[in-house]
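Containing compact mmCIF, C-alpha atoms: model09.txt.
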# COMPACT_ATOMS: atom_id res chain seq x y z
CA MET A 23 -25.92 -35.75 -49.03
CA SER A 24 -27.58 -38.21 -51.41
CA LEU A 25 -30.68 -37.50 -53.43
CA ALA A 26 -32.72 -40.03 -51.47
CA SER A 27 -31.69 -38.75 -48.06
CA LYS A 28 -33.20 -35.31 -48.66
CA ARG A 29 -36.63 -36.61 -49.57
CA ALA A 30 -37.74 -36.85 -45.95
CA LEU A 31 -36.99 -33.16 -45.45
CA ARG A 32 -39.64 -31.99 -47.87
CA PRO A 33 -42.90 -31.99 -45.82
CA ARG A 34 -42.56 -28.50 -44.30
CA VAL A 35 -41.69 -26.96 -47.66
CA SER A 36 -44.68 -28.66 -49.26
CA LEU A 37 -47.03 -27.13 -46.72
CA LEU A 38 -45.65 -23.64 -46.99
CA GLY A 39 -45.03 -23.96 -50.65
CA ALA A 40 -41.76 -24.63 -52.43
CA SER A 41 -41.35 -21.14 -53.80
CA LEU A 42 -39.57 -18.05 -52.52
CA LEU A 43 -39.52 -14.87 -54.57
CA LEU A 44 -36.08 -13.36 -54.15
CA THR A 45 -34.51 -10.50 -56.10
CA LEU A 46 -30.78 -10.05 -55.79
CA LEU A 47 -31.03 -6.32 -56.59
CA LEU A 48 -32.23 -5.24 -53.17
CA ALA A 49 -32.54 -1.67 -51.98
CA GLY A 50 -35.09 0.60 -50.33
CA CYS A 51 -35.83 -0.04 -46.66
CA THR A 52 -33.14 -2.67 -46.23
CA SER A 53 -29.97 -2.62 -44.18
CA LEU A 54 -26.61 -2.81 -45.89
CA GLY A 55 -25.88 -6.05 -44.01
CA TYR A 56 -28.94 -7.77 -45.44
CA TYR A 57 -28.16 -6.42 -48.90
CA SER A 58 -24.63 -7.86 -48.64
CA HIS A 59 -25.90 -11.23 -47.39
CA SER A 60 -28.41 -11.52 -50.25
CA ILE A 61 -25.89 -10.64 -52.93
CA LYS A 62 -23.27 -13.01 -51.52
CA GLY A 63 -25.73 -15.85 -51.00
CA GLY A 64 -27.40 -15.51 -54.37
CA LEU A 65 -24.19 -15.20 -56.33
CA GLY A 66 -22.78 -18.09 -54.30
CA ILE A 67 -25.38 -20.27 -55.99
CA LEU A 68 -25.55 -18.65 -59.41
CA THR A 69 -21.80 -18.65 -60.00
CA ARG A 70 -21.68 -22.43 -59.41
CA ARG A 71 -24.12 -23.22 -62.20
CA ARG A 72 -23.10 -25.96 -64.59
CA SER A 73 -25.04 -26.48 -67.79
CA ILE A 74 -27.29 -29.53 -67.87
CA GLU A 75 -25.98 -30.24 -71.38
CA SER A 76 -22.44 -30.60 -70.05
CA LEU A 77 -23.60 -32.77 -67.16
CA LEU A 78 -25.45 -35.11 -69.51
CA ALA A 79 -22.31 -35.40 -71.62
CA ASP A 80 -20.15 -36.09 -68.55
CA PRO A 81 -19.64 -39.85 -68.01
CA THR A 82 -19.17 -39.27 -64.28
CA THR A 83 -22.73 -37.94 -63.86
CA SER A 84 -24.72 -40.52 -61.93
CA PRO A 85 -27.59 -42.32 -63.73
CA GLU A 86 -30.01 -41.02 -61.08
CA LEU A 87 -29.07 -37.38 -61.59
CA ARG A 88 -28.96 -37.82 -65.37
CA GLU A 89 -32.53 -39.13 -65.36
CA ARG A 90 -33.76 -36.24 -63.23
CA LEU A 91 -32.06 -33.58 -65.36
CA GLU A 92 -33.49 -35.05 -68.55
CA LEU A 93 -36.91 -34.91 -66.91
CA VAL A 94 -36.41 -31.23 -66.04
CA LEU A 95 -35.58 -30.42 -69.66
CA ASP A 96 -38.80 -32.15 -70.76
CA ILE A 97 -40.80 -30.21 -68.17
CA ARG A 98 -39.14 -26.97 -69.25
CA GLU A 99 -39.97 -27.55 -72.90
CA PHE A 100 -43.58 -28.37 -71.99
CA ALA A 101 -43.85 -25.15 -69.96
CA GLY A 102 -42.84 -23.07 -72.97
CA GLN A 103 -44.83 -24.89 -75.63
CA HIS A 104 -48.04 -25.76 -73.79
CA LEU A 105 -48.26 -23.25 -70.95
CA THR A 106 -46.73 -20.29 -72.82
CA LEU A 107 -44.47 -19.55 -69.89
CA PRO A 108 -41.25 -17.57 -70.44
CA LEU A 109 -38.15 -19.73 -70.36
CA GLY A 110 -35.10 -17.61 -71.04
CA GLY A 111 -32.16 -19.54 -69.68
CA SER A 112 -33.94 -20.83 -66.59
CA TYR A 113 -33.61 -24.51 -65.64
CA ARG A 114 -30.88 -25.24 -68.18
CA SER A 115 -28.22 -25.44 -65.47
CA TYR A 116 -27.74 -27.29 -62.19
CA VAL A 117 -26.18 -26.57 -58.80
CA ASP A 118 -25.58 -28.98 -55.94
CA ILE A 119 -26.07 -26.69 -52.93
CA ASP A 120 -25.36 -29.48 -50.40
CA ARG A 121 -28.16 -28.44 -48.05
CA PRO A 122 -31.88 -29.27 -47.82
CA TYR A 123 -33.16 -25.75 -48.59
CA ALA A 124 -32.00 -22.96 -50.84
CA VAL A 125 -33.25 -20.24 -48.52
CA TRP A 126 -35.06 -19.76 -45.23
CA THR A 127 -37.96 -17.34 -44.95
CA VAL A 128 -39.03 -15.27 -41.98
CA VAL A 129 -42.69 -14.28 -41.71
CA ALA A 130 -43.80 -11.97 -38.91
CA ALA A 131 -47.08 -10.64 -37.53
CA GLU A 132 -48.21 -8.52 -34.60
CA GLU A 133 -49.44 -10.31 -31.48
CA LEU A 134 -53.03 -9.29 -32.21
CA SER A 135 -53.09 -9.30 -36.00
CA VAL A 136 -53.26 -11.92 -38.73
CA GLU A 137 -51.75 -9.55 -41.30
CA PRO A 138 -48.09 -10.26 -42.09
CA VAL A 139 -45.44 -7.58 -41.69
CA GLU A 140 -44.06 -6.43 -45.05
CA TRP A 141 -40.52 -5.56 -46.12
CA CYS A 142 -39.95 -3.36 -49.14
CA PHE A 143 -37.31 -3.63 -51.88
CA LEU A 144 -36.63 -1.57 -54.97
CA ILE A 145 -37.22 -4.30 -57.54
CA ALA A 146 -39.52 -6.79 -55.83
CA GLY A 147 -41.65 -4.18 -54.07
CA CYS A 148 -43.14 -4.99 -50.67
CA VAL A 149 -43.32 -8.67 -49.75
CA SER A 150 -44.64 -10.46 -46.67
CA TYR A 151 -41.47 -12.38 -45.85
CA ARG A 152 -37.73 -11.90 -45.66
CA GLY A 153 -35.39 -14.50 -47.13
CA TYR A 154 -31.97 -15.65 -45.99
CA PHE A 155 -29.43 -18.03 -47.50
CA SER A 156 -28.48 -19.06 -43.95
CA ARG A 157 -30.80 -20.71 -41.45
CA GLU A 158 -28.81 -19.22 -38.57
CA LYS A 159 -29.23 -15.68 -39.93
CA ALA A 160 -32.95 -16.24 -40.47
CA GLU A 161 -33.39 -17.47 -36.91
CA ARG A 162 -31.36 -14.59 -35.48
CA PHE A 163 -33.53 -12.12 -37.37
CA ALA A 164 -36.66 -13.87 -36.10
CA GLU A 165 -35.33 -13.65 -32.54
CA LYS A 166 -34.71 -9.92 -33.02
CA LEU A 167 -38.29 -9.44 -34.18
CA GLY A 168 -39.51 -11.51 -31.25
CA ARG A 169 -37.78 -9.16 -28.82
CA LYS A 170 -39.82 -6.36 -30.40
CA GLY A 171 -43.03 -8.21 -29.60
CA LEU A 172 -43.68 -9.75 -33.02
CA GLU A 173 -44.68 -13.36 -33.62
CA THR A 174 -42.51 -15.09 -36.21
CA ASP A 175 -42.28 -18.24 -38.27
CA VAL A 176 -39.12 -19.53 -39.97
CA GLY A 177 -39.42 -22.05 -42.80
CA GLY A 178 -37.22 -23.54 -45.49
CA ALA A 179 -37.84 -23.11 -49.22
CA ALA A 180 -36.36 -25.48 -51.78
CA ALA A 181 -36.33 -22.94 -54.62
CA PHE A 182 -36.21 -19.24 -55.33
CA SER A 183 -36.91 -17.04 -58.31
CA THR A 184 -34.90 -14.07 -59.55
CA LEU A 185 -37.98 -12.95 -61.52
CA GLY A 186 -36.14 -13.35 -64.81
CA TRP A 187 -33.19 -11.12 -63.90
CA PHE A 188 -30.95 -14.19 -63.96
CA SER A 189 -31.24 -17.72 -65.35
CA ASP A 190 -32.55 -19.73 -62.41
CA PRO A 191 -30.83 -23.11 -62.00
CA VAL A 192 -32.15 -26.52 -61.03
CA LEU A 193 -31.07 -27.13 -57.44
CA SER A 194 -30.19 -30.32 -55.58
CA SER A 195 -32.79 -29.29 -52.97
CA PHE A 196 -35.64 -30.18 -55.34
CA VAL A 197 -34.23 -32.17 -58.26
CA ASP A 198 -35.33 -35.48 -56.69
CA TYR A 199 -38.96 -34.44 -56.16
CA PRO A 200 -41.54 -36.88 -57.57
CA GLU A 201 -42.37 -36.06 -61.17
CA ALA A 202 -45.64 -34.19 -60.58
CA GLU A 203 -44.17 -32.13 -57.73
CA LEU A 204 -41.07 -31.30 -59.77
CA ALA A 205 -43.18 -30.18 -62.71
CA GLY A 206 -45.38 -28.11 -60.41
CA LEU A 207 -42.38 -26.35 -58.87
CA VAL A 208 -40.96 -25.41 -62.28
CA PHE A 209 -44.34 -24.18 -63.52
CA HIS A 210 -44.86 -22.17 -60.31
CA GLU A 211 -41.49 -20.44 -60.54
CA LEU A 212 -41.85 -19.66 -64.25
CA ALA A 213 -45.32 -18.23 -63.57
CA HIS A 214 -43.65 -15.55 -61.47
CA GLN A 215 -41.63 -14.57 -64.52
CA ARG A 216 -44.84 -14.40 -66.56
CA LEU A 217 -46.63 -12.10 -64.10
CA TYR A 218 -45.41 -10.40 -60.95
CA VAL A 219 -47.21 -7.52 -59.26
CA LYS A 220 -45.29 -5.34 -56.83
CA ASP A 221 -46.53 -5.10 -53.25
CA ASP A 222 -48.97 -8.06 -53.43
CA THR A 223 -47.48 -11.35 -52.26
CA THR A 224 -50.85 -13.11 -52.01
CA PHE A 225 -51.77 -12.16 -55.58
CA ASN A 226 -48.44 -13.40 -56.92
CA GLU A 227 -48.36 -16.68 -55.01
CA SER A 228 -52.02 -17.56 -55.58
CA PHE A 229 -51.69 -16.83 -59.31
CA ALA A 230 -48.58 -19.02 -59.52
CA THR A 231 -50.29 -21.80 -57.55
CA VAL A 232 -53.15 -21.94 -60.06
CA VAL A 233 -50.69 -22.01 -62.98
CA GLU A 234 -48.86 -24.81 -61.16
CA LEU A 235 -52.01 -26.89 -60.62
CA GLU A 236 -53.28 -26.40 -64.18
CA GLY A 237 -49.82 -27.05 -65.58
CA VAL A 238 -49.44 -30.33 -63.71
CA ARG A 239 -52.91 -31.41 -64.87
CA ARG A 240 -51.94 -30.82 -68.49
CA TRP A 241 -48.49 -32.34 -68.04
CA LEU A 242 -50.01 -35.58 -66.79
CA LEU A 243 -52.63 -35.66 -69.56
CA GLN A 244 -49.93 -35.56 -72.23
CA ASP A 245 -48.83 -39.01 -71.06
CA GLY A 246 -52.35 -40.33 -71.40
CA ARG A 247 -53.05 -40.30 -67.69
CA ASN A 248 -56.60 -39.40 -66.72
CA ASP A 249 -55.61 -38.50 -63.19
CA ALA A 250 -52.64 -37.43 -61.11
CA PRO A 251 -50.65 -40.10 -59.27
CA PRO A 252 -52.54 -40.99 -56.05
CA ALA A 253 -49.81 -39.63 -53.76
CA TYR A 254 -49.77 -36.25 -55.54
CA ARG A 255 -53.56 -36.01 -55.70
CA ILE A 256 -53.94 -36.86 -52.01
CA ALA A 257 -51.20 -34.42 -50.96
CA LYS A 258 -52.71 -31.54 -52.94
CA GLN A 259 -56.23 -32.25 -51.68
CA ARG A 260 -54.99 -32.27 -48.10
CA GLN A 261 -53.11 -29.01 -48.61
CA ILE A 262 -56.29 -27.41 -49.94
CA GLU A 263 -58.32 -28.71 -46.98
CA ILE A 264 -55.71 -27.41 -44.54
CA ALA A 265 -55.57 -24.03 -46.28
CA ASP A 266 -59.36 -23.74 -46.10
CA LEU A 267 -59.33 -24.66 -42.41
CA VAL A 268 -56.62 -22.11 -41.64
CA ARG A 269 -58.39 -19.43 -43.67
CA ARG A 270 -61.59 -19.88 -41.65
CA TYR A 271 -59.73 -19.50 -38.36
CA ARG A 272 -57.74 -16.52 -39.61
CA GLU A 273 -61.05 -14.82 -40.35
CA ARG A 274 -62.33 -15.64 -36.86
CA LEU A 275 -59.12 -14.34 -35.30
CA ALA A 276 -59.30 -11.16 -37.35
CA ALA A 277 -62.82 -10.60 -36.06
CA VAL A 278 -61.59 -11.04 -32.48
CA TYR A 279 -58.67 -8.66 -32.96
CA SER A 280 -60.95 -5.98 -34.40
CA ARG A 281 -63.35 -6.05 -31.45
CA GLU A 282 -63.48 -3.10 -29.07
CA GLU A 283 -62.40 -5.23 -26.15
CA SER A 284 -59.37 -5.22 -23.88
CA GLU A 285 -56.10 -6.77 -25.07
CA ALA A 286 -56.36 -9.25 -22.21
CA TRP A 287 -59.73 -10.45 -23.49
CA LYS A 288 -58.36 -10.73 -27.02
CA ARG A 289 -55.39 -12.81 -25.82
CA ILE A 290 -57.66 -15.24 -24.00
CA ARG A 291 -59.96 -15.60 -27.01
CA LYS A 292 -56.92 -15.98 -29.28
CA GLU A 293 -55.64 -18.98 -27.31
CA GLU A 294 -59.10 -20.50 -27.29
CA LEU A 295 -59.29 -20.24 -31.07
CA PHE A 296 -55.82 -21.73 -31.49
CA ASP A 297 -56.91 -24.68 -29.32
CA GLU A 298 -60.06 -25.04 -31.44
CA LEU A 299 -57.95 -24.96 -34.61
CA ARG A 300 -55.69 -27.73 -33.32
CA GLU A 301 -58.72 -29.83 -32.45
CA ALA A 302 -60.28 -29.15 -35.86
CA TYR A 303 -57.04 -30.27 -37.51
CA ARG A 304 -57.04 -33.49 -35.47
CA ASP A 305 -60.60 -34.15 -36.64
CA LEU A 306 -59.52 -33.50 -40.24
CA GLU A 307 -56.58 -35.87 -39.86
CA THR A 308 -58.91 -38.53 -38.43
CA SER A 309 -61.12 -38.19 -41.52
CA TRP A 310 -58.07 -39.01 -43.66
CA GLY A 311 -57.68 -42.32 -41.84
CA GLU A 312 -53.95 -42.02 -41.25
CA PRO A 313 -51.41 -39.82 -39.47
CA SER A 314 -50.24 -36.79 -41.42
CA ARG A 315 -46.90 -35.04 -41.80
CA TYR A 316 -48.61 -31.73 -41.02
CA GLY A 317 -49.26 -32.40 -37.33
CA ALA A 318 -46.13 -30.58 -36.16
CA TRP A 319 -47.19 -27.47 -38.07
CA PHE A 320 -50.22 -27.20 -35.78
CA GLY A 321 -48.13 -27.80 -32.65
CA ASP A 322 -46.92 -25.46 -29.94
CA GLY A 323 -45.34 -23.04 -32.41
CA LEU A 324 -48.69 -22.14 -33.97
CA ASN A 325 -49.07 -18.37 -34.13
CA ASN A 326 -50.35 -15.50 -36.29
CA ALA A 327 -47.23 -15.48 -38.47
CA ARG A 328 -47.53 -19.16 -39.29
CA LEU A 329 -51.14 -18.75 -40.32
CA ALA A 330 -50.21 -15.76 -42.48
CA SER A 331 -47.43 -17.69 -44.22
CA LEU A 332 -49.86 -20.27 -45.56
CA GLY A 333 -52.47 -17.76 -46.66
CA ALA A 334 -50.24 -16.19 -49.32
CA TYR A 335 -50.26 -19.37 -51.39
CA TYR A 336 -53.95 -20.22 -51.25
CA ASP A 337 -56.20 -17.30 -50.27
CA LEU A 338 -56.87 -16.13 -53.84
CA VAL A 339 -56.69 -19.52 -55.54
CA PRO A 340 -60.51 -19.80 -55.89
CA ALA A 341 -60.60 -16.39 -57.60
CA PHE A 342 -57.90 -17.32 -60.11
CA GLU A 343 -59.53 -20.71 -60.73
CA THR A 344 -62.75 -18.89 -61.59
CA LEU A 345 -60.84 -16.54 -63.88
CA LEU A 346 -59.25 -19.49 -65.68
CA ALA A 347 -62.61 -21.23 -66.05
CA ARG A 348 -64.18 -18.09 -67.47
CA ALA A 349 -61.35 -17.94 -70.00
CA GLY A 350 -62.40 -21.41 -71.12
CA GLY A 351 -59.04 -22.79 -70.08
CA ASP A 352 -57.25 -20.49 -72.53
CA LEU A 353 -54.06 -19.71 -70.65
CA SER A 354 -53.09 -16.77 -72.83
CA LEU A 355 -56.44 -15.11 -72.13
CA PHE A 356 -56.13 -16.02 -68.45
CA TYR A 357 -52.70 -14.38 -68.25
CA GLU A 358 -54.06 -11.28 -70.00
CA GLN A 359 -56.97 -10.98 -67.58
CA ALA A 360 -54.76 -11.62 -64.54
CA ALA A 361 -52.35 -8.93 -65.76
CA ALA A 362 -55.27 -6.51 -66.10
CA LEU A 363 -56.19 -7.18 -62.47
CA GLY A 364 -52.57 -6.58 -61.54
CA LYS A 365 -52.76 -3.06 -62.95
CA LEU A 366 -55.64 -2.10 -60.66
CA ASP A 367 -55.19 -0.24 -57.40
CA LYS A 368 -54.54 -2.87 -54.72
CA ALA A 369 -57.83 -2.25 -52.93
CA ASP A 370 -59.83 -2.45 -56.18
CA ARG A 371 -57.87 -5.53 -57.22
CA ARG A 372 -58.62 -7.30 -53.95
CA ALA A 373 -62.31 -6.38 -54.15
CA ARG A 374 -62.54 -7.79 -57.67
CA LEU A 375 -60.76 -10.99 -56.66
CA GLN A 376 -63.02 -11.32 -53.64
CA GLU A 377 -66.02 -11.18 -55.97
CA LEU A 378 -64.52 -13.94 -58.07
CA SER A 379 -63.99 -16.03 -54.91
CA GLU A 380 -67.61 -15.89 -53.80
CA PRO A 381 -69.46 -19.25 -53.83
CA GLY A 382 -71.92 -19.51 -56.67
CA VAL A 383 -70.07 -17.10 -58.96
CA ASN A 384 -70.60 -18.16 -62.57
CA SER A 385 -67.32 -19.80 -63.51
CA GLY A 386 -67.99 -20.20 -67.22
CA SER A 387 -66.97 -23.36 -69.02
Please render this file's structure as structure tokens.
Amino acid sequence: MSLASKRALRPRVSLLGASLLLTLLLAGCTSLGYYSHSIKGGLGILTRRRSIESLLADPTTSPELRERLELVLDIREFAGQHLTLPLGGSYRSYVDIDRPYAVWTVVAAEELSVEPVEWCFLIAGCVSYRGYFSREKAERFAEKLGRKGLETDVGGAAAFSTLGWFSDPVLSSFVDYPEAELAGLVFHELAHQRLYVKDDTTFNESFATVVELEGVRRWLLQDGRNDAPPAYRIAKQRQIEIADLVRRYRERLAAVYSREESEAWKRIRKEELFDELREAYRDLETSWGEPSRYGAWFGDGLNNARLASLGAYYDLVPAFETLLARAGGDLSLFYEQAAALGKLDKADRRARLQELSEPGVNSGS
């Protein structure tokens, strides 16, 4: 499949986020079959790595791929020098995986809950998704959960992180992203290597999202640009507006589910709120003045699990943005303060982050 032909497959990943945390050293509450699948799938990619240096020296490497790989090396160097992100051997190799996504994630939630189900692993801790290197296996697992009464959502992810245990390669699933998106993906993944807190997916993803956004801003400024490319700026603004809309309805649904009412009443009110959410999205899309690629996301498959999948990437972004502003934009100080929050008990950590998220909180410089 050519680089250009995969570009149209990116919208769903962009909404859910292009990152999937995946450790290949799985254990704990995981079946042997899943352990075997993860090892085989991960090594199937990692053992096919070819150094970017050798590809650039190879006369058979296409000009298009050569240009993209050179860009990745520039982004990588910027991440180390200007964002103080750990590099190790990550993004110095390339793998053509010959498919649109590296992995497929399964998110699940109870019928009357907006909280995602968690799966626990020895190294990664408890996370609110389960990843597969095969779409068919992901869908079969989702069907199994569905038979148990859970709502599920299956989505593709262009990249994954081994949290520094291995040297993550550049993959054909994202190498052709527009420059700002490509830089953002690399910064996001490297941020996970800088700070990762066990048992808190929302903390990890929201932290990495803020590093991504700040990193892209600085990356673009180095070229003398005062603003992001219009397409990138519009896409990010729309993602933020969608995330805010979904967050508001998740809160309303949570209030419904916590009421001392019958399950039948809760189901009726749930469907009413989903209909309201779809209508609110249509109004939002109208305000943009053009059709959006996100319409299908709000279609018939809308459920608790889908709402939960988006929340991990954005729910704590305002808190981390405030933390960064209070650090005066000093990333080293920001990382230090974020790491301190990561050492707190999860309940205390969430309370502190909630305080930082409150409107009107003094955000410093």
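CA of Ala131 (chain A) to CA of Ala160 (chain A) spans 15.5 Å [interatomic distance, one decimal].
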State, in Å with one decimal place, the distance from CA of Val233 (chain A) to CA of Pro251 (chain A).
18.5 Å
What gap, in Å, lies between CA of Asp118 (chain A) and CA of Arg315 (chain A)?
26.3 Å
Which residues come within 12 Å of region 373-381 of chain A, counting only C-alpha atoms, excluding same-chain residues fewer than 4 positions away, as a PDB file with C-alpha atoms, in the frame of the given file?
ATOM      1  CA  THR A 224     -50.850 -13.110 -52.010  1.00  0.00           C
ATOM      2  CA  PHE A 225     -51.770 -12.160 -55.580  1.00  0.00           C
ATOM      3  CA  SER A 228     -52.020 -17.560 -55.580  1.00  0.00           C
ATOM      4  CA  PHE A 229     -51.690 -16.830 -59.310  1.00  0.00           C
ATOM      5  CA  TYR A 336     -53.950 -20.220 -51.250  1.00  0.00           C
ATOM      6  CA  ASP A 337     -56.200 -17.300 -50.270  1.00  0.00           C
ATOM      7  CA  LEU A 338     -56.870 -16.130 -53.840  1.00  0.00           C
ATOM      8  CA  VAL A 339     -56.690 -19.520 -55.540  1.00  0.00           C
ATOM      9  CA  PRO A 340     -60.510 -19.800 -55.890  1.00  0.00           C
ATOM     10  CA  ALA A 341     -60.600 -16.390 -57.600  1.00  0.00           C
ATOM     11  CA  PHE A 342     -57.900 -17.320 -60.110  1.00  0.00           C
ATOM     12  CA  GLU A 343     -59.530 -20.710 -60.730  1.00  0.00           C
ATOM     13  CA  THR A 344     -62.750 -18.890 -61.590  1.00  0.00           C
ATOM     14  CA  LEU A 345     -60.840 -16.540 -63.880  1.00  0.00           C
ATOM     15  CA  LEU A 346     -59.250 -19.490 -65.680  1.00  0.00           C
ATOM     16  CA  ALA A 347     -62.610 -21.230 -66.050  1.00  0.00           C
ATOM     17  CA  ARG A 348     -64.180 -18.090 -67.470  1.00  0.00           C
ATOM     18  CA  GLN A 359     -56.970 -10.980 -67.580  1.00  0.00           C
ATOM     19  CA  ALA A 360     -54.760 -11.620 -64.540  1.00  0.00           C
ATOM     20  CA  ALA A 362     -55.270  -6.510 -66.100  1.00  0.00           C
ATOM     21  CA  LEU A 363     -56.190  -7.180 -62.470  1.00  0.00           C
ATOM     22  CA  GLY A 364     -52.570  -6.580 -61.540  1.00  0.00           C
ATOM     23  CA  LEU A 366     -55.640  -2.100 -60.660  1.00  0.00           C
ATOM     24  CA  ASP A 367     -55.190  -0.240 -57.400  1.00  0.00           C
ATOM     25  CA  LYS A 368     -54.540  -2.870 -54.720  1.00  0.00           C
ATOM     26  CA  ALA A 369     -57.830  -2.250 -52.930  1.00  0.00           C
ATOM     27  CA  SER A 385     -67.320 -19.800 -63.510  1.00  0.00           C
ATOM     28  CA  GLY A 386     -67.990 -20.200 -67.220  1.00  0.00           C
TER      29      GLY A 386
END
Among listed residues A:Tyr154, A:Pro122, A:Arg260, A:Glu161, nearest Phe196 (chain A) (using only C-alpha atoms):
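Closest residue, counting only C-alpha atoms: A:Pro122.
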Shell around region 81-93 of chain A at 10 Å using only C-alpha atoms, local window under 2 positions removed, as a list of chain:residue names:
A:Leu25, A:Ile74, A:Glu75, A:Ser76, A:Leu77, A:Leu78, A:Ala79, A:Leu95, A:Asp96, A:Ile97, A:Arg98, A:Glu99, A:Tyr113, A:Arg114, A:Ser115, A:Tyr116, A:Val192, A:Ser194, A:Val197, A:Asp198, A:Tyr199, A:Pro200, A:Glu201, A:Leu204, A:Ala205
